Amino acid sequence: MGKKDDPKLMQEWFKLVQEKNALVRYESELMIFARELELEDRQSRLQQELRERMAVDDHLKSEQELAQEKQILNEMLEVVEQRDSLVALLEEQRLREKEEDKDLEEVMLSKGFNLNWT
C-alpha cells in the first residue's frame, strides 16, 4: 500500500481527479446559469417597463421621458450582450474541459492505465 507507483492507487487517484474536475465544472456551470437567470429577469423587467412607457404616444411625453426610454433600450442591449458573453464563455469552458479530459486520458494511457471511470 505504501508504493506510490501502485497501479490500483494510481487508477483510484485518476478517478478522483476526474470526479473533482466534474464537480468543479458543474459548480462553474451553475454559477453561469445563475447569472443567466439574473440577466433574463433583468431583461424581462426592462421589456415590461418599456412596453408600459411606449403605451403613451411620443408627442405626450417630455424630453426626460423620451430619454428614459432610450436609456431602457440601451440597458436592454447591454443585457443581451452580457447574455451572449455568457453563452460564449460556457462554450469556451466546455471546449477547454474536453481538452483537459483528453490530456488526462493521454497521461493515463502513457502510464499504462485503463480508462475505466466507473
# chains A, B, ... in the order shown; residues from 1 in each chain; ligands from 1

$ closest_atom_pairs --of "range 79-118 of chain A" --to "range 36-45 of chain A" --cutoff "8 Å" --atoms "only C-alpha atoms" --output "Markdown table"
| residue | atom | partner | partner_atom | distance |
| --- | --- | --- | --- | --- |
| A:Val79 | CA | A:Leu39 | CA | 6.2 |
| A:Val80 | CA | A:Gln43 | CA | 7.7 |
| A:Gln82 | CA | A:Leu39 | CA | 7.8 |
| A:Arg83 | CA | A:Glu36 | CA | 6.3 |
| A:Leu86 | CA | A:Glu36 | CA | 7.1 |

$ write_last_selection --atoms "N, CA and C atoms" --output "mmCIF file, in the first residue's frame"
data_model
loop_
_atom_site.group_PDB
_atom_site.id
_atom_site.type_symbol
_atom_site.label_atom_id
_atom_site.label_comp_id
_atom_site.auth_asym_id
_atom_site.auth_seq_id
_atom_site.Cartn_x
_atom_site.Cartn_y
_atom_site.Cartn_z
ATOM 1 N N VAL A 79 -27.751 44.102 -21.586
ATOM 2 C CA VAL A 79 -28.113 42.805 -21.004
ATOM 3 C C VAL A 79 -27.998 41.700 -22.061
ATOM 4 N N VAL A 80 -28.458 41.971 -23.269
ATOM 5 C CA VAL A 80 -28.360 40.980 -24.345
ATOM 6 C C VAL A 80 -26.895 40.659 -24.628
ATOM 7 N N GLN A 82 -24.405 40.884 -22.531
ATOM 8 C CA GLN A 82 -23.901 40.105 -21.399
ATOM 9 C C GLN A 82 -24.346 38.649 -21.497
ATOM 10 N N ARG A 83 -25.592 38.441 -21.887
ATOM 11 C CA ARG A 83 -26.096 37.069 -22.042
ATOM 12 C C ARG A 83 -25.337 36.343 -23.153
ATOM 13 N N LEU A 86 -22.049 35.237 -21.856
ATOM 14 C CA LEU A 86 -22.154 34.049 -21.008
ATOM 15 C C LEU A 86 -22.241 32.774 -21.851
#

$ select_by_dssp --residues "chain A" --states "alpha helix (DSSP H)" --output "number ranges by chain"
A: 7-54, 63-110

$ atom_distance --atom1 "CA of Leu95 in chain A" --atom2 "CA of Met108 in chain A"
20.1 Å
